[in-house]
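What follows is one structure encoded as structure tokens, with my remarks underneath.
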Amino acid sequence: MCFPFSNRAKFREPSPLIRTDSEKSEAMSNNSDNRSHRSHRSESHSSNRSRQSARLVRSGSYSTTRTLSDPDKLEFDSDSEAYDVPALPQNDSKLSQLSPNRRKPSLVRTDSRKSAKWGYGWGVGKARERERDLLERSPSVNSERPPPQYDSPTRTSSRSSGSKKPPLFSSDSSSTLIGSALERKMGEVASIKDRVDTTDRLELIRKLMLKDSLDYYVIPTEDAHQSEYVASSDKRREWISGFSGSAGQAIVSKTAAYLVTDSRYWLRAREELDPNWHLIPAGAVNAPKDWMEWLVDRVRDAKIGIDARMISHEKATQLIAKLNAKSSKLVFPPQNFVDLSWKDKPLRSKDPVFVQSIDFTGREASSKLAEVRQWVRAQPPAVPTYSKSPPTAAQMHVGTLITSLSNIAYLLNLRGSDIPFNPLFYAYLFISPDRVILFLDASKLTDDTEDYLRSLRVVRREYNDIWPFLRRREWGEGKLLLCPETSYSISLMLTHFRYTVVPPYVDNMKAVKNEVELDGLRRAYLRDGASYVKWLAWLEHKIYQGYDITEWEAAWRLTEFRRQNKHYWGLAYENISASGPNAALPHYSPSKANARMIDRETPYLNDSGGQYRDGTCDTTRTVHFGRPSQDQSEAYTRVLQGHIAIDSAVYPEGTTGLQLDVLARRALWKDGLNYLHGTGHGFGSFLNVHEGPHGFSSSVPLEPGHVITNEPGFYLEGRWGMRIESALVVRRVKTKGEFSGDIWLGFERLTCVPIQTRMVKENMLTKEEKQWLKDHNKKCLERLEPYLKDDKRALKWLKREADRGIGLAAPGPGGITIDWG
């Protein structure tokens, strides 16, 4: 756990502890030794504190030669490690270079004996006794005894008393890290984010609005390529509003400012917006569904400004039509008002692009470009329906302009690092039957990449050359093919006589994965699954030992496990790590300063994934570390039934994801429950975590090679939430009847992480659902066991989960509960 303030641990109640029978007997036999040891330790604690601040003491063995010579090596405390550890020498560790303020003395529970009477299992005991015991151990205001100071915990060896394991105490778990992993954690800034005072910024925007006689000015989240995630240099909406969510639009009027965002970010928006802003909760009861509906409902004889680069052709045309009906007008100032006002705007990334090997893509870029060229040639001329004359040269389609960053990366087998979480780079791509032009800054090319582009006969021009290229119509006569998500500024530059809007052909190409890509995804999900299992075993072990773990700490540790995997590149998206009421927010991401403790009364939800050179991963599991309540178990079982229904579905060709969506919700609907997000989405092969055009909210038919997530959930506002997500591949399946021939499709599961059975109510499952759950967890053991040979704790945990029964035993006499799992 990581507190932003050192005194927060002052009156905090220690976590209930779980002990095995052997630990109980050892604790009883060692009571006398512990009492004498405690008296000696309390006398020497203050004298040792200054020395502890200059050294790192951790539980678990370390090797200075192995760890420090390999700064990226991650070491974790495991069951096989020794606990008797000497101090890390200052001159051998990079940690000695850290400032004294970042190295802290340790907090040791000085009287762990009293915790034994609080009970075992899930902390059964008397609450009043705990409160009284806590008050006795905590110093009063007038006490001369100094309050305990929170710092990195130090475990003392218990070998002298014959114990095989260290004494249990509630504390932070940073002592299980050494080397660069600890440096990364300590280097994370743990300050509470202050609200940005946007008064001066809004005043600058309004001065520019006055010059153009605007009534409203809209600042979208998207960049010029309509990216879901944007670079720091494109976070214009965040700069003007202070709101850091990944979705939302800022709208500034002459006298007020509004932020429109969906339910995923209402809580964050309330925390981050200053008094200048009004939150518009899109999708709420009696509220508009999006920012365009809100704006259209308000305006009359108004003039609305927006940067034409930041809105798609599809949205702009819809908005213009709706505003015209309200005698209002959408205008496009030539310069972005935020760019004119943002004096310290970050520079765009200069990181080089790199080639994604054929070993990962399974198809040469030249073959993909040839397919796009063939598609361009096949497009019919844009001849009016009333015309009987032969098509003119101006009506022929002569090329296409691709603005989607993921489509450009896919076609050219190139990747970059300009966008957070996505291996993309800023560029435009023009493809015609006789040439290919890549608009990409020269600073982003290496010699190898230049040679690679020459081998493809791709001409490179500077990124901003796209505008003179369009203005001069350098392709000659004829029309360009554009997709609906193309920036409206490009449509304005061409005028409607020079382009035709068509469905995005490259999206369909990219969505159907070839066998090389699918094999890569299978390998990536196995490695990612092994990391997830190692992390779950670590997390459960620490919580049951009595450690307090925050949502941020848990997410950070999972990232560290993933970091050790082959082909690891980074995270696929921001970690979603949520406990208690935070889990009721589907896209909640914790900060180090404000993260909640993972408790034992509510489910803990983790939705995260790694980016690997051979695949993009997206996994969600919900677990419970205590005894779930009746309503939690019933809701979780309904979510699981929906998950199983999608996973087991068999359907004919031509079936859309939207038609299957009801399978995921049917069990929840039986109890009058539901969730408001989509059931699943496509994802990339080392590209974006969200890909189209298919999905369980889409009318695009599913076909073999599509990959899609399966993620039903349920969220009880203000209390808890749960979701189960696995990745699937659409495959052909053999059926008994084979009606109409070989047209039947089903799913192959990529995700290999056990589903916890603790919250499942066995009597609600059918025989087939029970067998599916048992088979799923046993298959996880079979596939992941080779990856866990060096982690005894994780392998033991995985075997236990594979063999565990469904649900928990009912409480015994007096309400006493025991979990033998």
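Within each chain, counting starts at residue 1; across the structure tokens, chains are named A, B, ... in the order shown, with ligands numbered 1 upward in that order.
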Could you please write out, as a PyMOL selection string, every residue of range 556-621 of chain A that DSSP assigns to strand (DSSP E or B)?
chain A and resi 568-571+576-579+597+604-608+610-612+615-616+619-621
Range 355-412 of chain A near range 504-523 of chain A within 10 Å: what's each residue's closest atom pair and its distance in Å to one decimal, counting only C-alpha atoms, ordered by chain then ascending residue number, as CSV?
```
residue,atom,partner,partner_atom,distance
A:Ile358,CA,A:Val516,CA,8.9
A:Asp359,CA,A:Val516,CA,7.4
A:Phe360,CA,A:Glu517,CA,6.2
A:Thr361,CA,A:Glu517,CA,5.9
A:Gly362,CA,A:Val516,CA,4.9
A:Arg363,CA,A:Asn514,CA,8.2
A:Lys368,CA,A:Met509,CA,8.6
A:Glu371,CA,A:Met509,CA,9.3
A:Val372,CA,A:Val506,CA,7.6
A:Trp375,CA,A:Tyr505,CA,8.2
A:Val376,CA,A:Tyr505,CA,9.8
A:Ile402,CA,A:Val506,CA,8.7
A:Ser404,CA,A:Asp507,CA,9.3
A:Ser406,CA,A:Asp507,CA,9.1
A:Asn407,CA,A:Val506,CA,6.4
A:Ile408,CA,A:Val506,CA,9.0
A:Tyr410,CA,A:Lys510,CA,6.9
A:Leu411,CA,A:Val506,CA,8.1
```
Using only C-alpha atoms, the shortest atom-to-atom distance to His643 in chain A among A:Arg723, A:Lys542, A:Arg758, A:His587 belongs to A:Arg723
Contacts of Ile755 in chain A at 8 Å or less, counting only C-alpha atoms, minus same-chain residues fewer than 5 places along, as a ChimeraX atom specification?
/A:621,773,776-777
Residues near Pro503 in chain A, anyone? I mean within 9 Å using only C-alpha atoms, not counting same-chain ones fewer than 3 positions away, as a PDB file with N, CA, C and O atoms, in the first residue's frame.
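Contents of the output file around-v6.pdb:
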```pdb
ATOM      1  N   LEU A 482     -12.766   8.213 -49.563  1.00  0.00           N
ATOM      2  CA  LEU A 482     -12.555   8.531 -48.152  1.00  0.00           C
ATOM      3  C   LEU A 482     -13.501   7.707 -47.291  1.00  0.00           C
ATOM      4  O   LEU A 482     -14.609   7.386 -47.716  1.00  0.00           O
ATOM      5  N   CYS A 483     -13.076   7.398 -46.068  1.00  0.00           N
ATOM      6  CA  CYS A 483     -13.965   6.696 -45.141  1.00  0.00           C
ATOM      7  C   CYS A 483     -14.692   7.725 -44.277  1.00  0.00           C
ATOM      8  O   CYS A 483     -14.251   8.886 -44.175  1.00  0.00           O
ATOM      9  N   PRO A 484     -15.794   7.355 -43.631  1.00  0.00           N
ATOM     10  CA  PRO A 484     -16.575   8.321 -42.841  1.00  0.00           C
ATOM     11  C   PRO A 484     -15.808   8.954 -41.694  1.00  0.00           C
ATOM     12  O   PRO A 484     -16.164  10.053 -41.257  1.00  0.00           O
ATOM     13  N   ASP A 507     -10.335  -1.369 -42.770  1.00  0.00           N
ATOM     14  CA  ASP A 507     -10.826  -1.883 -41.487  1.00  0.00           C
ATOM     15  C   ASP A 507     -11.207  -3.357 -41.597  1.00  0.00           C
ATOM     16  O   ASP A 507     -10.918  -4.161 -40.698  1.00  0.00           O
TER      17      ASP A 507
END
```
d(CA of Leu424 in chain A, CA of Ala409 in chain A) in Å
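Those two atoms sit 6.5 Å apart.
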